[in-house]
Amino acid sequence: MDELELLKKDWRKQNTTYKQLSAKEIYPILQKKSSSIVKTLFYISVGELVFWILINSIPYFSSDSYRERLNAVYSNEYVFAGLTFISYGVILLFIYLLFKSHKAISATDNAKKLMESILKTRRVIKYYVIYNLVMVSISMLVGTYFAIVNDPKLTDSISHFNNKQVFMAYAIIIGVTAFLILIIWLFYKLLYGLLLKRLNRNYQELKKLEF
Amino acid sequence: MNKELEHSFVELLEKHQNIIHKVCRLYTNNYDAHNDLFQEITIQLWRAYPKFRGDSKFSTWMYRVGLNTAITLYRKSKRSIITQDFDGVEFRMKAEDYDNTEEEQLKTLYKAVHELNDIEKALIFLYLEDKDYREISETMGISEVNARVKMNRIKTKLKTILNP
């Protein structure tokens, strides 16, 4: 193709047209901070971990009545210890997986592999969020159930409800939980959607080449 | 990082900096964005440098990190959104080197290249840098056959833009 040869010829001549940076000008650049999406993704994942750990721990440690209620619900010591062990185990597992996937991201990999490593890290964060959302929904529903069963005042009020009112009460609780989860989920979709929009587009473009 | 490592890196980068400039030239559309991307590529290269073993040429390694940064890692700054009339003329040789038809053709060609998507730009960049299909496929993570097919499609696309 003649046109491309012309472009190539011109492209080669470009070497002489760029403003050349001296070593003195390059040194300060090395001290500057990166603003890559990997760094942003890293901060988000650390933020996720801290956020969900705080969400799960603050109410327990800051509110006596909540702690008492929770202790009443999980009156069996072994059940409580087991659940605590599992929840911290899951957090540790996610920390390990995140660390491993972040470590695997390397700018020296080929373009496709680099994109896959970043998307893998994003998937780990996604699973962590899903896990927490599921746990929040379960705790809200189970917590409400036990609160009703264990709280005499609540049990008394509910005993005056007719079937329709009981159904409505449960529907409201489930609806509110579902709405909260939907809002959080949409927030994540937007956050990662904006951050990884270009990456996803380019990855799809590369994948298309395989067919 | 020790001073010796830093010194050897800066020396190599100074010598091969045009590779980064050319990547920036292709993926940005104004002076500030060019500098931003140049900085990010330099940072990524510096971070990866301790693992550079020298079994590949420094320049080959730079192509990979440079393109990866431009295509994947670089988070576009607000400054890159500001568009200016940037058709490559300011980067090219003086107009008298070409006759008018060539000049016009080149102008259109550069404009057409800027309209390509990120992946197509990467392929055309490696082609313009005289890389063979093996190297193109290794840099992009696609097979040689697919690199060849895609390259032909890009050529046709450019040809169509030039001769509608």
# chains A, B, ... in the order shown; residues from 1 in each chain; ligands from 1
>>> residues_around(residues="Ile181 (chain A)", least_positions_apart="3", cutoff="10 Å", atoms="only C-alpha atoms", output="ChimeraX atom specification")
/A:130,133-134,136-137,175-178,184-187
>>> write_last_selection(atoms="C-alpha atoms", output="PDB file, in the first residue's frame")
ATOM      1  CA  ILE A 130     -21.300  -9.933  46.811  1.00  0.00           C
ATOM      2  CA  LEU A 133     -24.122  -8.016  50.516  1.00  0.00           C
ATOM      3  CA  VAL A 134     -25.396 -11.562  50.971  1.00  0.00           C
ATOM      4  CA  VAL A 136     -25.884  -8.188  55.236  1.00  0.00           C
ATOM      5  CA  SER A 137     -29.176  -9.413  53.780  1.00  0.00           C
ATOM      6  CA  GLY A 175     -38.355  -4.712  50.259  1.00  0.00           C
ATOM      7  CA  VAL A 176     -36.182  -2.306  52.268  1.00  0.00           C
ATOM      8  CA  THR A 177     -33.324  -4.844  52.374  1.00  0.00           C
ATOM      9  CA  ALA A 178     -33.580  -5.479  48.644  1.00  0.00           C
ATOM     10  CA  ILE A 184     -25.108  -0.444  46.889  1.00  0.00           C
ATOM     11  CA  TRP A 185     -24.859  -2.751  43.865  1.00  0.00           C
ATOM     12  CA  LEU A 186     -25.645   0.070  41.430  1.00  0.00           C
ATOM     13  CA  PHE A 187     -23.022   2.221  43.126  1.00  0.00           C
TER      14      PHE A 187
END
>>> interface_residues(of="chain A", to="chain B", cutoff="8 Å", atoms="only C-alpha atoms", output="ChimeraX atom specification")
/A:1,3-4,6-8,10-15,17-18,20-23,26-27,29-30,32-38,106-115,198-199,202,205-206,209-210
>>> write_last_selection(atoms="C-alpha atoms", output="compact mmCIF listing (two decimals), in the first residue's frame")
# COMPACT_ATOMS: atom_id res chain seq x y z
CA MET A 1 0.00 0.00 0.00
CA GLU A 3 -0.09 5.44 1.35
CA LEU A 4 1.14 3.41 4.30
CA LEU A 6 4.40 7.19 2.75
CA LEU A 7 3.22 7.29 6.35
CA LYS A 8 6.05 5.00 7.40
CA ASP A 10 7.24 10.26 7.45
CA TRP A 11 6.98 8.43 10.78
CA ARG A 12 10.68 7.62 10.71
CA LYS A 13 11.53 11.27 10.32
CA GLN A 14 9.65 12.12 13.50
CA ASN A 15 12.61 11.15 15.67
CA THR A 17 11.05 16.54 15.91
CA TYR A 18 10.34 15.73 19.57
CA GLN A 20 14.31 15.80 23.95
CA LEU A 21 14.32 15.55 27.73
CA SER A 22 17.69 15.69 29.44
CA ALA A 23 18.70 13.29 32.24
CA ILE A 26 14.00 12.76 33.75
CA TYR A 27 15.18 12.28 37.37
CA ILE A 29 9.72 12.26 36.98
CA LEU A 30 10.90 9.10 38.76
CA LYS A 32 6.35 11.40 40.93
CA LYS A 33 3.36 9.29 41.84
CA SER A 34 1.61 7.06 39.36
CA SER A 35 -2.02 7.71 38.58
CA SER A 36 -2.71 4.39 36.88
CA ILE A 37 -6.00 2.50 37.18
CA VAL A 38 -4.17 -0.27 39.06
CA SER A 106 2.63 -6.55 35.59
CA ALA A 107 3.12 -3.81 33.02
CA THR A 108 5.66 -6.04 31.28
CA ASP A 109 3.12 -8.74 30.40
CA ASN A 110 1.57 -8.73 26.96
CA ALA A 111 -1.44 -6.41 26.54
CA LYS A 112 -4.05 -9.16 26.80
CA LYS A 113 -2.54 -10.80 29.88
CA LEU A 114 -2.24 -7.46 31.65
CA MET A 115 -5.90 -6.73 31.00
CA ARG A 198 -11.83 1.75 28.49
CA LEU A 199 -10.13 -1.44 29.65
CA ASN A 202 -10.10 -2.77 24.63
CA GLU A 205 -11.63 -5.71 20.99
CA LEU A 206 -8.67 -8.04 21.57
CA LEU A 209 -9.62 -10.95 17.18
CA GLU A 210 -9.61 -14.53 18.35
>>> atom_distance(atom1="CA of Pro152 (chain A)", atom2="CA of Phe179 (chain A)")
28.7 Å
>>> residues_around(residues="Ile138 (chain A)", least_positions_apart="6", cutoff="12 Å", atoms="only C-alpha atoms", output="mmCIF file with N, CA and C atoms, in the first residue's frame")
data_model
loop_
_atom_site.group_PDB
_atom_site.id
_atom_site.type_symbol
_atom_site.label_atom_id
_atom_site.label_comp_id
_atom_site.auth_asym_id
_atom_site.auth_seq_id
_atom_site.Cartn_x
_atom_site.Cartn_y
_atom_site.Cartn_z
ATOM 1 N N TYR A 131 -20.293 -11.223 48.607
ATOM 2 C CA TYR A 131 -20.291 -11.958 49.880
ATOM 3 C C TYR A 131 -20.862 -11.081 50.997
ATOM 4 N N ASN A 132 -20.381 -9.834 51.061
ATOM 5 C CA ASN A 132 -20.834 -8.945 52.119
ATOM 6 C C ASN A 132 -22.298 -8.573 51.980
ATOM 7 N N THR A 144 -33.934 -9.618 62.231
ATOM 8 C CA THR A 144 -35.312 -9.144 62.449
ATOM 9 C C THR A 144 -36.172 -10.283 63.008
ATOM 10 N N TYR A 145 -36.010 -11.464 62.446
ATOM 11 C CA TYR A 145 -36.791 -12.619 62.904
ATOM 12 C C TYR A 145 -36.538 -12.898 64.387
ATOM 13 N N PHE A 146 -35.241 -12.931 64.756
ATOM 14 C CA PHE A 146 -34.905 -13.229 66.156
ATOM 15 C C PHE A 146 -35.325 -12.092 67.082
ATOM 16 N N ILE A 173 -39.938 -5.345 55.218
ATOM 17 C CA ILE A 173 -38.553 -5.640 55.633
ATOM 18 C C ILE A 173 -37.745 -6.151 54.439
ATOM 19 N N ILE A 174 -38.330 -7.091 53.701
ATOM 20 C CA ILE A 174 -37.625 -7.661 52.543
ATOM 21 C C ILE A 174 -37.407 -6.586 51.474
ATOM 22 N N THR A 177 -34.628 -4.175 52.522
ATOM 23 C CA THR A 177 -33.324 -4.844 52.374
ATOM 24 C C THR A 177 -32.927 -4.910 50.902
ATOM 25 N N ALA A 178 -33.881 -5.351 50.084
ATOM 26 C CA ALA A 178 -33.580 -5.479 48.644
ATOM 27 C C ALA A 178 -33.215 -4.132 48.042
ATOM 28 N N ILE A 181 -29.681 -3.064 49.055
ATOM 29 C CA ILE A 181 -28.685 -3.854 48.330
ATOM 30 C C ILE A 181 -28.583 -3.410 46.876
#
>>> residues_around(residues="Glu48 (chain A)", least_positions_apart="3", cutoff="9 Å", atoms="only C-alpha atoms", output="NGL selection string")
:A and (43-45 or 51-53 or 125 or 128-129)
>>> select_by_dssp(residues="region 3-157 of chain B", states="alpha helix (DSSP H)", output="PyMOL selection string")
chain B and resi 3-27+31-48+58-68+100-115+118-128+133-140+144-157
>>> atom_distance(atom1="CA of Arg53 (chain B)", atom2="CA of Ser8 (chain B)")
13.1 Å
>>> closest_residue(among="A:Val142, A:Ile148, A:Leu49, A:Leu97", to="Lys120 (chain A)", atoms="only C-alpha atoms")
A:Leu97
>>> atom_distance(atom1="CA of Met140 (chain A)", atom2="CA of Leu182 (chain A)")
14.7 Å
>>> residues_around(residues="Phe94 (chain A)", least_positions_apart="4", cutoff="8 Å", atoms="only C-alpha atoms", output="PyMOL selection string")
chain A and resi 90+98+124+128
